[in-house]
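J.: This is target.pdb, which holds PDB, C-alpha atoms:
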```pdb
ATOM      1  CA  MET A  15      -5.616  28.641  50.902
ATOM      2  CA  ASN A  16      -3.225  30.632  48.810
ATOM      3  CA  LEU A  17      -3.179  30.010  45.139
ATOM      4  CA  THR A  18       0.162  30.753  43.582
ATOM      5  CA  ALA A  19      -0.115  32.175  40.176
ATOM      6  CA  ILE A  20       1.718  30.090  37.597
ATOM      7  CA  THR A  21       3.279  32.229  34.950
ATOM      8  CA  ILE A  22       4.748  30.772  31.818
ATOM      9  CA  ASP A  23       7.559  32.611  30.148
ATOM     10  CA  LEU A  24       6.621  32.447  26.484
ATOM     11  CA  ASP A  25      10.118  33.323  25.391
ATOM     12  CA  SER A  26      11.687  30.187  26.852
ATOM     13  CA  LEU A  27      13.261  26.997  25.528
ATOM     14  CA  PRO A  28      10.499  24.530  26.594
ATOM     15  CA  VAL A  29       7.811  26.683  24.963
ATOM     16  CA  ALA A  30       9.823  26.947  21.747
ATOM     17  CA  VAL A  31      10.393  23.162  21.674
ATOM     18  CA  ALA A  32       6.737  22.457  22.438
ATOM     19  CA  GLU A  33       5.514  24.841  19.754
ATOM     20  CA  ILE A  34       7.702  23.507  16.975
ATOM     21  CA  THR A  35       6.887  19.906  18.008
ATOM     22  CA  VAL A  36       3.155  20.630  17.885
ATOM     23  CA  LEU A  37       3.503  22.347  14.528
ATOM     24  CA  LEU A  38       5.545  19.513  12.993
ATOM     25  CA  THR A  39       3.200  16.865  14.375
ATOM     26  CA  ALA A  40       0.268  18.770  12.904
ATOM     27  CA  ALA A  41       2.082  18.900   9.547
ATOM     28  CA  THR A  42       2.680  15.116   9.663
ATOM     29  CA  VAL A  43      -0.973  14.433  10.483
ATOM     30  CA  ALA A  44      -2.081  16.824   7.715
ATOM     31  CA  GLY A  45       0.148  15.008   5.206
ATOM     32  CA  TRP A  46      -1.211  11.659   6.367
ATOM     33  CA  PHE A  47      -4.831  12.782   5.968
ATOM     34  CA  LEU A  48      -4.089  14.286   2.583
ATOM     35  CA  ALA A  49      -2.771  10.889   1.457
ATOM     36  CA  LYS A  50      -5.830   9.211   2.942
ATOM     37  CA  VAL A  51      -8.215  11.522   1.096
ATOM     38  CA  ILE A  52      -6.400  11.025  -2.218
ATOM     39  CA  ILE A  53      -6.285   7.240  -1.832
ATOM     40  CA  ARG A  54      -9.963   7.145  -0.845
ATOM     41  CA  LYS A  55     -10.835   9.057  -3.977
ATOM     42  CA  ARG A  56      -8.776   6.618  -6.012
ATOM     43  CA  ILE A  57     -10.533   3.673  -4.331
ATOM     44  CA  ASP A  58     -13.926   5.159  -5.232
ATOM     45  CA  ASN A  59     -12.817   5.605  -8.854
ATOM     46  CA  LEU A  60     -11.535   2.034  -8.987
ATOM     47  CA  ARG A  61     -14.813   0.717  -7.540
ATOM     48  CA  GLU A  62     -16.820   2.635 -10.118
ATOM     49  CA  LEU A  63     -14.593   1.353 -12.910
ATOM     50  CA  ILE A  64     -14.902  -2.214 -11.645
ATOM     51  CA  GLU A  65     -18.686  -1.921 -11.598
ATOM     52  CA  GLU A  66     -18.685  -0.625 -15.177
ATOM     53  CA  LYS A  67     -16.369  -3.378 -16.352
ATOM     54  CA  LYS A  68     -18.379  -6.007 -14.506
ATOM     55  CA  TYR A  69     -21.470  -4.896 -16.366
ATOM     56  CA  GLU A  70     -19.593  -5.025 -19.664
ATOM     57  CA  LEU A  71     -18.291  -8.469 -18.789
ATOM     58  CA  ALA A  72     -21.750  -9.712 -17.896
ATOM     59  CA  GLN A  73     -22.950  -8.590 -21.335
ATOM     60  CA  TYR A  74     -20.118 -10.439 -23.039
ATOM     61  CA  ARG A  75     -20.841 -13.544 -20.978
ATOM     62  CA  THR A  76     -24.480 -13.582 -21.955
ATOM     63  CA  LEU A  77     -23.542 -12.997 -25.605
ATOM     64  CA  THR A  78     -20.990 -15.781 -25.739
ATOM     65  CA  ASN A  79     -22.969 -18.106 -23.460
ATOM     66  CA  THR A  80     -19.833 -18.972 -21.395
ATOM     67  CA  THR A  81     -18.499 -21.718 -23.577
ATOM     68  CA  VAL A  82     -14.836 -22.451 -24.053
ATOM     69  CA  ASP A  83     -13.254 -22.282 -27.474
ATOM     70  CA  TYR A  84     -10.675 -25.009 -27.073
ATOM     71  CA  PRO A  85     -11.732 -28.405 -28.372
ATOM     72  CA  ILE A  86     -13.988 -30.220 -25.975
ATOM     73  CA  ALA A  87     -14.602 -33.453 -27.764
ATOM     74  CA  THR A  88     -13.025 -33.455 -31.192
ATOM     75  CA  ASN A  89     -12.023 -37.082 -30.953
ATOM     76  CA  ALA A  90     -13.844 -39.703 -29.017
ATOM     77  CA  HIS A  91     -10.685 -40.991 -27.338
ATOM     78  CA  LYS A  92      -9.712 -37.553 -26.053
ATOM     79  CA  THR A  93     -10.582 -36.397 -22.585
ATOM     80  CA  VAL A  94     -13.674 -34.235 -22.461
ATOM     81  CA  TYR A  95     -13.406 -31.352 -20.050
ATOM     82  CA  PRO A  96     -16.497 -29.814 -18.524
ATOM     83  CA  PRO A  97     -17.410 -26.310 -19.645
ATOM     84  CA  ILE A  98     -16.154 -23.454 -17.530
ATOM     85  CA  SER A  99     -18.803 -21.630 -15.646
ATOM     86  CA  PRO A 100     -17.259 -18.905 -13.505
ATOM     87  CA  ASP A 101     -20.591 -18.271 -11.860
ATOM     88  CA  HIS A 102     -18.908 -16.815  -8.792
ATOM     89  CA  ALA A 103     -15.974 -14.513  -8.342
ATOM     90  CA  PRO A 104     -12.598 -16.041  -9.192
ATOM     91  CA  ASP A 105     -10.488 -17.097  -6.228
ATOM     92  CA  ASP A 106      -6.965 -15.984  -5.460
ATOM     93  CA  LEU A 107      -5.006 -19.062  -6.472
ATOM     94  CA  LYS A 108      -1.786 -17.470  -5.273
ATOM     95  CA  VAL A 109      -2.550 -18.537  -1.706
ATOM     96  CA  ILE A 110      -1.484 -22.005  -2.802
ATOM     97  CA  GLU A 111       2.165 -22.741  -2.210
ATOM     98  CA  GLY A 112       3.918 -23.023  -5.575
ATOM     99  CA  ILE A 113       1.475 -20.823  -7.479
ATOM    100  CA  GLY A 114       2.669 -17.342  -8.318
ATOM    101  CA  PRO A 115       1.073 -14.649 -10.485
ATOM    102  CA  LYS A 116       2.386 -16.190 -13.720
ATOM    103  CA  ILE A 117       1.171 -19.699 -12.957
ATOM    104  CA  GLU A 118      -2.149 -18.271 -11.829
ATOM    105  CA  GLU A 119      -2.415 -16.566 -15.199
ATOM    106  CA  ILE A 120      -1.624 -19.874 -16.960
ATOM    107  CA  LEU A 121      -4.289 -21.667 -14.926
ATOM    108  CA  ASN A 122      -6.809 -18.885 -15.580
ATOM    109  CA  LYS A 123      -6.110 -19.119 -19.295
ATOM    110  CA  GLU A 124      -6.890 -22.800 -19.083
ATOM    111  CA  GLY A 125     -10.179 -22.019 -17.414
ATOM    112  CA  ILE A 126      -9.221 -22.663 -13.799
ATOM    113  CA  HIS A 127     -10.385 -19.712 -11.756
ATOM    114  CA  THR A 128     -11.551 -21.218  -8.494
ATOM    115  CA  TYR A 129     -10.256 -23.543  -5.790
ATOM    116  CA  GLU A 130     -12.970 -26.011  -6.668
ATOM    117  CA  GLN A 131     -11.868 -26.155 -10.296
ATOM    118  CA  LEU A 132      -8.242 -26.612  -9.272
ATOM    119  CA  MET A 133      -9.203 -29.303  -6.785
ATOM    120  CA  GLU A 134     -11.056 -31.234  -9.449
ATOM    121  CA  THR A 135      -8.324 -30.911 -12.052
ATOM    122  CA  SER A 136      -6.116 -33.941 -12.409
ATOM    123  CA  LEU A 137      -2.401 -33.691 -11.780
ATOM    124  CA  LEU A 138      -1.659 -34.845 -15.303
ATOM    125  CA  ARG A 139      -3.738 -32.042 -16.714
ATOM    126  CA  ILE A 140      -2.072 -29.401 -14.515
ATOM    127  CA  ALA A 141       1.323 -30.781 -15.496
ATOM    128  CA  SER A 142       0.326 -30.535 -19.162
ATOM    129  CA  PHE A 143      -0.616 -26.855 -18.688
ATOM    130  CA  LEU A 144       2.796 -26.175 -17.176
ATOM    131  CA  LYS A 145       4.510 -28.109 -19.933
ATOM    132  CA  LYS A 146       2.605 -26.147 -22.544
ATOM    133  CA  ALA A 147       3.543 -22.841 -20.875
ATOM    134  CA  GLY A 148       7.241 -23.435 -21.422
ATOM    135  CA  PRO A 149      10.329 -25.028 -19.923
ATOM    136  CA  ARG A 150      10.456 -22.514 -17.052
ATOM    137  CA  TYR A 151       7.259 -23.870 -15.575
ATOM    138  CA  GLN A 152       8.017 -27.540 -15.954
ATOM    139  CA  LEU A 153      10.152 -27.464 -12.835
ATOM    140  CA  HIS A 154       7.134 -26.713 -10.658
ATOM    141  CA  ASP A 155       5.668 -29.566  -8.729
ATOM    142  CA  PRO A 156       1.860 -29.387  -8.767
ATOM    143  CA  SER A 157       1.337 -32.610  -6.803
ATOM    144  CA  THR A 158       0.012 -30.851  -3.692
ATOM    145  CA  TRP A 159      -2.010 -28.125  -5.438
ATOM    146  CA  PRO A 160      -5.347 -29.970  -5.579
ATOM    147  CA  GLN A 161      -4.998 -30.895  -1.905
ATOM    148  CA  GLN A 162      -4.173 -27.294  -0.992
ATOM    149  CA  ALA A 163      -7.055 -26.069  -3.152
ATOM    150  CA  GLY A 164      -9.346 -28.451  -1.282
ATOM    151  CA  LEU A 165      -8.292 -26.922   2.037
ATOM    152  CA  ALA A 166      -8.705 -23.402   0.651
ATOM    153  CA  LYS A 167     -12.134 -24.259  -0.699
ATOM    154  CA  GLN A 168     -13.255 -25.485   2.719
ATOM    155  CA  GLN A 169     -11.696 -22.294   4.157
ATOM    156  CA  LYS A 170      -9.430 -24.298   6.441
ATOM    157  CA  TRP A 171      -6.839 -21.537   6.372
ATOM    158  CA  GLU A 172      -4.949 -22.614   9.482
ATOM    159  CA  GLU A 173      -4.643 -26.156   8.208
ATOM    160  CA  LEU A 174      -3.523 -24.796   4.834
ATOM    161  CA  GLU A 175      -0.885 -22.608   6.498
ATOM    162  CA  ARG A 176       0.411 -25.600   8.463
ATOM    163  CA  PHE A 177       0.520 -27.666   5.296
ATOM    164  CA  LYS A 178       2.363 -24.903   3.438
ATOM    165  CA  HIS A 179       4.800 -24.529   6.314
ATOM    166  CA  LYS A 180       5.415 -28.255   6.223
ATOM    167  CA  LEU A 181       6.054 -28.099   2.488
ATOM    168  CA  ILE A 182       8.435 -25.147   2.804
ATOM    169  CA  SER A 183      10.383 -26.633   5.708
ATOM    170  CA  GLY A 184      10.541 -29.985   3.930
ATOM    171  CA  ARG A 185      11.964 -28.294   0.870
ATOM    172  CA  SER A 186      14.737 -26.353   2.628
TER     173      SER A 186
ATOM    174  CA  MET B  18      13.288   1.318  -0.932
ATOM    175  CA  PHE B  19      10.489   3.856  -1.186
ATOM    176  CA  ASN B  20       8.024   1.282   0.137
ATOM    177  CA  SER B  21       9.926   0.745   3.336
ATOM    178  CA  LYS B  22       7.829   2.189   6.130
ATOM    179  CA  ALA B  23      10.530   1.766   8.751
ATOM    180  CA  LEU B  24      12.881   3.849   6.647
ATOM    181  CA  TRP B  25      10.340   6.648   6.316
ATOM    182  CA  TRP B  26       9.509   6.576  10.035
ATOM    183  CA  THR B  27      13.230   6.884  10.798
ATOM    184  CA  PHE B  28      13.570   9.682   8.282
ATOM    185  CA  LEU B  29      10.590  11.491   9.828
ATOM    186  CA  GLY B  30      12.125  11.164  13.286
ATOM    187  CA  PHE B  31      15.428  12.603  12.090
ATOM    188  CA  TRP B  32      13.668  15.378  10.176
ATOM    189  CA  ILE B  33      11.593  16.399  13.206
ATOM    190  CA  ALA B  34      14.644  16.246  15.497
ATOM    191  CA  GLY B  35      16.648  18.325  13.018
ATOM    192  CA  SER B  36      13.826  20.821  12.625
ATOM    193  CA  ILE B  37      13.482  21.206  16.395
ATOM    194  CA  TYR B  38      17.221  21.817  16.659
ATOM    195  CA  TRP B  39      17.106  24.314  13.804
ATOM    196  CA  HIS B  40      14.149  26.188  15.234
ATOM    197  CA  VAL B  41      15.402  26.295  18.803
ATOM    198  CA  CYS B  42      19.108  26.864  18.219
ATOM    199  CA  ARG B  43      19.366  28.619  14.883
ATOM    200  CA  ILE B  44      16.162  30.612  14.701
ATOM    201  CA  ARG B  45      15.081  31.259  18.285
ATOM    202  CA  GLN B  46      18.718  31.292  19.532
ATOM    203  CA  PHE B  47      18.225  29.476  22.809
ATOM    204  CA  CYS B  48      21.212  27.172  22.619
ATOM    205  CA  ASP B  49      23.846  29.852  23.057
ATOM    206  CA  MET B  50      21.855  31.159  25.961
ATOM    207  CA  LEU B  51      22.115  27.727  27.583
ATOM    208  CA  PHE B  52      25.619  26.678  26.679
ATOM    209  CA  GLY B  53      27.227  30.070  26.138
ATOM    210  CA  SER B  54      29.243  28.863  23.195
ATOM    211  CA  GLN B  55      29.147  30.485  19.783
ATOM    212  CA  SER B  56      31.460  27.936  18.189
ATOM    213  CA  LEU B  57      29.477  24.877  19.262
ATOM    214  CA  LEU B  58      26.083  25.997  18.091
ATOM    215  CA  PRO B  59      26.405  29.097  15.952
ATOM    216  CA  GLU B  60      23.331  31.269  15.650
ATOM    217  CA  MET B  61      21.795  33.103  12.765
ATOM    218  CA  SER B  62      21.012  36.698  13.349
ATOM    219  CA  ALA B  63      17.400  37.537  12.712
ATOM    220  CA  GLN B  64      16.389  40.750  11.086
ATOM    221  CA  ARG B  65      13.077  41.823  12.382
ATOM    222  CA  GLY B  66      11.702  43.686   9.434
ATOM    223  CA  GLN B  67       8.936  44.006   6.935
ATOM    224  CA  LEU B  68       7.372  40.561   7.230
ATOM    225  CA  TYR B  69       6.637  39.332  10.718
ATOM    226  CA  PHE B  70       3.620  37.256  11.583
ATOM    227  CA  SER B  71       2.638  35.316  14.625
ATOM    228  CA  LEU B  72       0.737  32.045  15.014
ATOM    229  CA  ARG B  73      -0.976  33.256  18.164
ATOM    230  CA  PRO B  74      -4.486  32.818  16.678
ATOM    231  CA  PHE B  75      -3.644  29.134  16.032
ATOM    232  CA  GLY B  76      -2.785  28.408  19.652
ATOM    233  CA  LEU B  77       0.973  28.938  19.379
ATOM    234  CA  PRO B  78       1.514  32.192  21.319
ATOM    235  CA  ALA B  79       5.289  32.494  20.976
ATOM    236  CA  TYR B  80       5.674  31.177  17.447
ATOM    237  CA  HIS B  81       6.416  33.898  14.960
ATOM    238  CA  ILE B  82       7.889  33.901  11.496
ATOM    239  CA  GLU B  83      10.239  36.611  10.340
ATOM    240  CA  LEU B  84      11.173  37.516   6.817
ATOM    241  CA  THR B  85      14.756  36.273   7.110
ATOM    242  CA  HIS B  86      13.621  32.878   8.367
ATOM    243  CA  PHE B  87      10.544  32.486   6.189
ATOM    244  CA  TRP B  88      11.977  29.853   3.834
ATOM    245  CA  GLN B  89      13.465  27.889   6.706
ATOM    246  CA  HIS B  90      10.013  27.583   8.285
ATOM    247  CA  VAL B  91       8.533  26.630   4.930
ATOM    248  CA  ILE B  92      11.151  23.926   4.340
ATOM    249  CA  MET B  93      10.751  22.463   7.846
ATOM    250  CA  ILE B  94       6.969  22.286   7.669
ATOM    251  CA  ALA B  95       6.746  21.261   4.015
ATOM    252  CA  GLY B  96       9.336  18.512   4.568
ATOM    253  CA  THR B  97       7.335  17.110   7.483
ATOM    254  CA  LEU B  98       4.114  17.351   5.491
ATOM    255  CA  ILE B  99       5.673  15.465   2.566
ATOM    256  CA  ILE B 100       7.078  12.704   4.766
ATOM    257  CA  GLY B 101       3.702  12.434   6.522
ATOM    258  CA  PHE B 102       2.057  12.163   3.099
ATOM    259  CA  ILE B 103       4.449   9.418   1.977
ATOM    260  CA  LEU B 104       3.878   7.483   5.201
ATOM    261  CA  GLY B 105       0.115   7.833   4.944
ATOM    262  CA  ARG B 106       0.245   6.729   1.331
ATOM    263  CA  ALA B 107       2.367   3.692   2.232
ATOM    264  CA  TYR B 108      -0.316   2.527   4.663
ATOM    265  CA  GLU B 109      -3.365   3.392   2.563
ATOM    266  CA  ILE B 110      -2.117   2.090  -0.802
ATOM    267  CA  LYS B 111      -2.595  -1.486   0.434
ATOM    268  CA  LYS B 112      -6.346  -0.963   0.192
ATOM    269  CA  THR B 113      -6.161  -0.344  -3.549
ATOM    270  CA  ARG B 114      -4.098  -3.472  -4.235
ATOM    271  CA  ASP B 115      -7.041  -5.847  -4.039
ATOM    272  CA  LEU B 116      -9.186  -3.593  -6.238
ATOM    273  CA  ARG B 117      -6.440  -3.247  -8.843
ATOM    274  CA  TYR B 118      -6.063  -7.023  -8.844
ATOM    275  CA  LYS B 119      -9.804  -7.451  -9.417
ATOM    276  CA  LEU B 120      -9.764  -4.863 -12.200
ATOM    277  CA  ASN B 121      -6.837  -6.573 -13.935
ATOM    278  CA  ARG B 122      -8.648  -9.843 -13.755
ATOM    279  CA  ILE B 123     -11.784  -8.342 -15.336
ATOM    280  CA  HIS B 124      -9.640  -6.690 -18.015
ATOM    281  CA  ARG B 125      -8.033 -10.029 -18.816
ATOM    282  CA  GLU B 126     -11.389 -11.716 -19.116
ATOM    283  CA  LEU B 127     -12.735  -8.870 -21.247
ATOM    284  CA  ALA B 128      -9.706  -9.106 -23.541
ATOM    285  CA  TYR B 129     -10.382 -12.810 -23.869
ATOM    286  CA  TYR B 130     -14.010 -12.250 -24.889
ATOM    287  CA  GLN B 131     -13.069  -9.446 -27.281
ATOM    288  CA  MET B 132     -10.453 -11.665 -28.879
ATOM    289  CA  LYS B 133     -13.037 -14.405 -29.187
ATOM    290  CA  GLN B 134     -15.450 -12.120 -30.950
TER     291      GLN B 134
END
```
Mind converting the file's structure to structure tokens?
T.:
Amino acid sequence: MNLTAITIDLDSLPVAVAEITVLLTAATVAGWFLAKVIIRKRIDNLRELIEEKKYELAQYRTLTNTTVDYPIATNAHKTVYPPISPDHAPDDLKVIEGIGPKIEEILNKEGIHTYEQLMETSLLRIASFLKKAGPRYQLHDPSTWPQQAGLAKQQKWEELERFKHKLISGRS
Amino acid sequence: MFNSKALWWTFLGFWIAGSIYWHVCRIRQFCDMLFGSQSLLPEMSAQRGQLYFSLRPFGLPAYHIELTHFWQHVIMIAGTLIIGFILGRAYEIKKTRDLRYKLNRIHRELAYYQMKQ
């Protein structure tokens, strides 16, 4: 069996194209990995910072004994709200249709950090928070928020998505 | 605009295509050899001189950089590296979003307690 020797002319067009393609691909991959390394370093720094701040926060919480400073029962006829105890990490309230970063901030200020808290908050109370926040927020309709929060709390994400879709399509 | 991945992918594609054209036709001068037309794809004459180094040790036997084309090679490769970096950053930055959100939340709560004190 004769084996024909395959010779490649190095000074040819396909070799030139292949070489530059390999070099440029390598440059792209190098750039990508550089970004990855930098971002990973940033993630590590953020994690460290979060741990530090968490520790600081825990100290503050033990010092202040997690009580709220707005009146709880100044008058007997006023509604008494239970104390806030964010004993677990706050939830992302933005998953609820109608709640954006600003409204989430308003709710957090009022002591609502979790789905459970939102679920248990009456509509009248939520409406009063929005009213207090200014005329911009009074247009929002919080009527479905507790129901959505209930679904989120039970981690029924698909059901929540369907519900949100229904709300959005009903609105348009 | 700078967050659009599709835009950057397109830009990378065009950059690589342009760089290949530049390398093959303008630096290595293969296009005129193929098409025999100086007006269609004009070449740049290379001056083989003082600086001439090959990338043979890196597995690219025919790739060599001459003094007259040095900056063109640098621009082609640096441009690709930068676009690769931007694309990588666009994909990886998502991972920091959640952490930054958590940190902001802790900062807010800390500010609240500090104000209270």
J.: Please evaluate the ChimeraX specification (/A :<8) & /B against the displayed coordinates and give the resulting residues as a PyMOL selection string.
T.: chain B and resi 33+36-37+40-41+45+47+77-80+93-95+97-106+109-110+112-113+116-117+119-120+123-124+126-127+130
J.: Using all atoms listed in the file, which residue out of B:Arg122, B:Ala23, B:Ala34, B:Trp39 lies closest to A:Asp105?
T.: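 For A:Asp105, the nearest of the given residues is B:Arg122.
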J.: Find the distance between atom CA of A:Leu132 and atom CA of A:Pro160 and write it in Å to one decimal.
T.: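 That distance, rounded to one decimal, is 5.8 Å.
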J.: Which residues, written as number ranges by chain, have at least one atom at most 12 Å from A:Ile117, with only C-alpha atoms counted and residues fewer than 4 positions away on the same chain left out?
T.: A: 106-113, 121-124, 126-127, 140-141, 143-148, 150-156, 159
J.: Using Å and a single decimal, report how far atom CA of B:Asp115 sits from atom CA of B:Ser21.
T.: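 Going from atom CA of B:Ser21 over to atom CA of B:Asp115, I get 19.6 Å.
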